[in-house]
Amino acid sequence: MSGHGGGWANPGPAGLTALAIACFTFYAVLTGKVDHSCIPLLGCWLIGGFIVQLIVGIVEILEGNLLGGNVFTFFAAFFMLTGGLEFFVKYAGAVNGWTIDARIDGWAWLVLSITLIIWTFGYLKTAPLALNMVVIALDVACPIVAFRDLGILGASYSAIAGNMLLLAGIFGIYVAAGIILNGSFGKTILPLGGPVIK
(Lines give C-alpha, C1' and ligand atoms only; values in the text may rest on other atoms or scores of the structure.)
Protein backbone atom coordinates (compact mmCIF):
# COMPACT_ATOMS: atom_id res chain seq x y z
CA MET A 1 0.00 0.00 0.00
CA SER A 2 1.03 3.55 -0.66
CA GLY A 3 3.50 4.98 1.82
CA HIS A 4 2.47 8.62 1.42
CA GLY A 5 5.94 9.46 0.07
CA GLY A 6 4.73 12.06 -2.43
CA GLY A 7 1.97 13.55 -0.33
CA TRP A 8 -0.76 11.30 -1.72
CA ALA A 9 -3.23 9.68 0.65
CA ASN A 10 -3.36 5.89 0.63
CA PRO A 11 -6.02 4.87 -1.96
CA GLY A 12 -5.77 1.17 -1.06
CA PRO A 13 -9.02 1.01 0.94
CA ALA A 14 -11.03 2.22 -2.07
CA GLY A 15 -9.34 -0.33 -4.32
CA LEU A 16 -9.92 -3.13 -1.83
CA THR A 17 -13.57 -2.14 -1.51
CA ALA A 18 -13.94 -2.30 -5.30
CA LEU A 19 -12.26 -5.71 -5.25
CA ALA A 20 -14.63 -6.86 -2.48
CA ILE A 21 -17.64 -5.79 -4.56
CA ALA A 22 -16.34 -7.85 -7.49
CA CYS A 23 -15.61 -10.81 -5.23
CA PHE A 24 -19.03 -10.73 -3.52
CA THR A 25 -20.91 -10.41 -6.82
CA PHE A 26 -18.89 -13.21 -8.46
CA TYR A 27 -19.58 -15.32 -5.39
CA ALA A 28 -23.31 -14.70 -5.85
CA VAL A 29 -23.16 -15.73 -9.53
CA LEU A 30 -20.85 -18.73 -9.10
CA THR A 31 -22.83 -20.20 -6.20
CA GLY A 32 -26.26 -19.63 -7.73
CA LYS A 33 -27.40 -16.98 -5.24
CA VAL A 34 -28.53 -14.93 -8.26
CA ASP A 35 -29.40 -16.05 -11.77
CA HIS A 36 -27.59 -15.05 -14.93
CA SER A 37 -30.12 -12.34 -15.77
CA CYS A 38 -28.00 -10.16 -13.43
CA ILE A 39 -25.03 -10.20 -15.83
CA PRO A 40 -25.57 -6.70 -17.34
CA LEU A 41 -25.85 -5.20 -13.86
CA LEU A 42 -22.69 -7.03 -12.80
CA GLY A 43 -20.98 -5.50 -15.83
CA CYS A 44 -21.94 -2.03 -14.56
CA TRP A 45 -20.51 -2.72 -11.10
CA LEU A 46 -17.26 -4.00 -12.58
CA ILE A 47 -16.84 -0.93 -14.77
CA GLY A 48 -17.36 1.23 -11.68
CA GLY A 49 -14.66 -0.83 -9.95
CA PHE A 50 -12.38 -0.28 -12.94
CA ILE A 51 -12.42 3.48 -12.34
CA VAL A 52 -11.55 3.07 -8.66
CA GLN A 53 -8.84 0.45 -9.18
CA LEU A 54 -7.20 2.35 -12.04
CA ILE A 55 -6.90 5.45 -9.85
CA VAL A 56 -5.50 3.32 -7.02
CA GLY A 57 -3.01 1.64 -9.36
CA ILE A 58 -1.77 4.96 -10.73
CA VAL A 59 -1.36 6.52 -7.27
CA GLU A 60 0.41 3.40 -5.98
CA ILE A 61 2.83 3.50 -8.93
CA LEU A 62 3.46 7.22 -8.41
CA GLU A 63 4.17 6.46 -4.75
CA GLY A 64 6.74 3.87 -5.76
CA ASN A 65 4.72 0.79 -4.79
CA LEU A 66 5.81 -1.56 -7.58
CA LEU A 67 3.76 -4.57 -6.49
CA GLY A 68 0.52 -2.91 -5.39
CA GLY A 69 0.52 -0.45 -8.26
CA ASN A 70 0.92 -3.17 -10.85
CA VAL A 71 -1.63 -5.50 -9.28
CA PHE A 72 -4.28 -2.79 -8.99
CA THR A 73 -3.60 -1.68 -12.56
CA PHE A 74 -3.92 -5.14 -14.09
CA PHE A 75 -6.97 -5.92 -11.94
CA ALA A 76 -8.51 -2.63 -13.11
CA ALA A 77 -7.93 -3.46 -16.77
CA PHE A 78 -8.66 -7.16 -16.92
CA PHE A 79 -10.67 -8.16 -13.86
CA MET A 80 -12.86 -5.05 -13.91
CA LEU A 81 -13.03 -3.31 -17.32
CA THR A 82 -12.60 -6.35 -19.56
CA GLY A 83 -14.83 -8.43 -17.29
CA GLY A 84 -17.53 -5.75 -17.24
CA LEU A 85 -17.51 -5.27 -21.01
CA GLU A 86 -17.48 -9.03 -21.59
CA PHE A 87 -20.62 -9.45 -19.55
CA PHE A 88 -22.44 -7.04 -21.86
CA VAL A 89 -21.16 -8.90 -24.94
CA LYS A 90 -21.99 -12.34 -23.51
CA TYR A 91 -25.47 -11.23 -22.48
CA ALA A 92 -26.13 -9.74 -25.92
CA GLY A 93 -24.81 -12.95 -27.45
CA ALA A 94 -27.11 -15.09 -25.35
CA VAL A 95 -30.14 -12.92 -26.18
CA ASN A 96 -29.33 -12.82 -29.90
CA GLY A 97 -28.14 -16.40 -30.33
CA TRP A 98 -24.55 -15.53 -31.20
CA THR A 99 -21.98 -18.29 -31.15
CA ILE A 100 -19.08 -17.16 -28.95
CA ASP A 101 -16.16 -19.41 -28.02
CA ALA A 102 -15.72 -18.16 -24.46
CA ARG A 103 -12.79 -20.51 -23.84
CA ILE A 104 -10.61 -17.56 -24.82
CA ASP A 105 -11.46 -16.18 -21.37
CA GLY A 106 -9.84 -19.23 -19.80
CA TRP A 107 -6.58 -18.52 -21.61
CA ALA A 108 -6.62 -14.91 -20.39
CA TRP A 109 -7.55 -15.94 -16.83
CA LEU A 110 -4.70 -18.46 -16.94
CA VAL A 111 -2.21 -15.61 -17.48
CA LEU A 112 -3.79 -13.58 -14.66
CA SER A 113 -3.71 -16.62 -12.37
CA ILE A 114 -0.08 -17.48 -13.06
CA THR A 115 0.97 -13.86 -12.65
CA LEU A 116 -0.91 -13.49 -9.37
CA ILE A 117 0.47 -16.75 -7.96
CA ILE A 118 4.06 -15.75 -8.78
CA TRP A 119 3.57 -12.23 -7.42
CA THR A 120 2.07 -13.65 -4.21
CA PHE A 121 5.60 -14.18 -2.93
CA GLY A 122 6.12 -10.41 -3.12
CA TYR A 123 3.01 -9.93 -1.00
CA LEU A 124 4.15 -12.57 1.48
CA LYS A 125 7.39 -10.60 1.91
CA THR A 126 5.99 -7.06 2.03
CA ALA A 127 2.27 -7.00 2.87
CA PRO A 128 0.37 -7.48 6.11
CA LEU A 129 -0.98 -10.94 6.89
CA ALA A 130 -4.60 -9.86 6.34
CA LEU A 131 -3.77 -8.69 2.80
CA ASN A 132 -1.91 -11.95 2.18
CA MET A 133 -5.17 -13.75 2.96
CA VAL A 134 -6.91 -11.76 0.19
CA VAL A 135 -4.22 -12.73 -2.29
CA ILE A 136 -4.11 -16.40 -1.26
CA ALA A 137 -7.88 -16.73 -1.63
CA LEU A 138 -7.58 -15.19 -5.11
CA ASP A 139 -4.74 -17.62 -5.87
CA VAL A 140 -7.22 -20.46 -5.39
CA ALA A 141 -10.23 -18.85 -7.09
CA CYS A 142 -8.59 -17.46 -10.24
CA PRO A 143 -7.12 -20.75 -11.54
CA ILE A 144 -10.47 -22.46 -10.97
CA VAL A 145 -12.18 -19.76 -13.03
CA ALA A 146 -9.52 -20.19 -15.73
CA PHE A 147 -9.90 -23.98 -15.84
CA ARG A 148 -13.71 -23.70 -15.79
CA ASP A 149 -13.61 -21.32 -18.76
CA LEU A 150 -11.20 -23.64 -20.57
CA GLY A 151 -13.59 -26.53 -20.03
CA ILE A 152 -11.05 -28.51 -17.97
CA LEU A 153 -13.04 -28.34 -14.70
CA GLY A 154 -16.75 -29.01 -14.36
CA ALA A 155 -19.52 -26.86 -12.94
CA SER A 156 -19.10 -28.36 -9.47
CA TYR A 157 -15.91 -26.31 -9.04
CA SER A 158 -17.79 -23.02 -9.42
CA ALA A 159 -18.86 -23.11 -5.77
CA ILE A 160 -15.24 -23.52 -4.63
CA ALA A 161 -14.18 -20.51 -6.69
CA GLY A 162 -17.19 -18.55 -5.46
CA ASN A 163 -16.50 -19.31 -1.80
CA MET A 164 -12.82 -18.37 -2.16
CA LEU A 165 -13.88 -15.10 -3.80
CA LEU A 166 -16.24 -14.41 -0.92
CA LEU A 167 -13.37 -15.03 1.50
CA ALA A 168 -11.12 -12.69 -0.51
CA GLY A 169 -13.83 -10.04 -0.40
CA ILE A 170 -14.30 -10.38 3.36
CA PHE A 171 -10.55 -10.05 3.97
CA GLY A 172 -10.47 -7.12 1.52
CA ILE A 173 -13.12 -5.30 3.55
CA TYR A 174 -11.20 -6.07 6.75
CA VAL A 175 -7.92 -4.71 5.36
CA ALA A 176 -9.65 -1.59 3.99
CA ALA A 177 -11.30 -1.02 7.38
CA GLY A 178 -8.00 -1.60 9.18
CA ILE A 179 -6.17 0.96 7.05
CA ILE A 180 -8.91 3.57 7.53
CA LEU A 181 -9.54 2.99 11.25
CA ASN A 182 -5.92 2.48 12.27
CA GLY A 183 -4.91 5.61 10.36
CA SER A 184 -7.81 7.67 11.69
CA PHE A 185 -7.23 6.73 15.32
CA GLY A 186 -3.44 6.69 15.11
CA LYS A 187 -3.31 3.26 16.74
CA THR A 188 -4.18 -0.34 15.97
CA ILE A 189 -7.93 -0.78 16.03
CA LEU A 190 -7.96 -3.73 13.63
CA PRO A 191 -4.70 -5.70 13.62
CA LEU A 192 -3.47 -6.51 10.13
CA GLY A 193 -0.47 -8.66 11.09
CA GLY A 194 2.98 -8.61 9.61
CA PRO A 195 4.38 -10.15 6.43
CA VAL A 196 4.58 -13.93 6.36
CA ILE A 197 8.14 -14.00 4.97
CA LYS A 198 10.64 -12.12 7.14
# chains A, B, ... in the order shown; residues from 1 in each chain; ligands from 1
$ residues_around --residues "segment 113-127 of chain A" --least-positions-apart "3" --cutoff "10 Å" --atoms "only C-alpha atoms" --output "count of residues only"
32
$ residues_around --residues "segment 39-53 of chain A" --least-positions-apart "6" --cutoff "6 Å" --atoms "only C-alpha atoms" --output "list in words"
Gly15, Ala18, Phe72, Ala76, Met80, Leu81, Gly84, Phe87 and Phe88 of chain A
$ closest_residue --among "A:Leu165, A:Val34, A:Leu62, A:Ala22" --to "Gly83 of chain A" --atoms "only C-alpha atoms"
A:Ala22
$ atom_distance --atom1 "atom CA of Ala28 of chain A" --atom2 "atom CA of Ala137 of chain A"
16.1 Å
$ atom_distance --atom1 "atom CA of Asp149 of chain A" --atom2 "atom CA of Asp101 of chain A"
9.8 Å
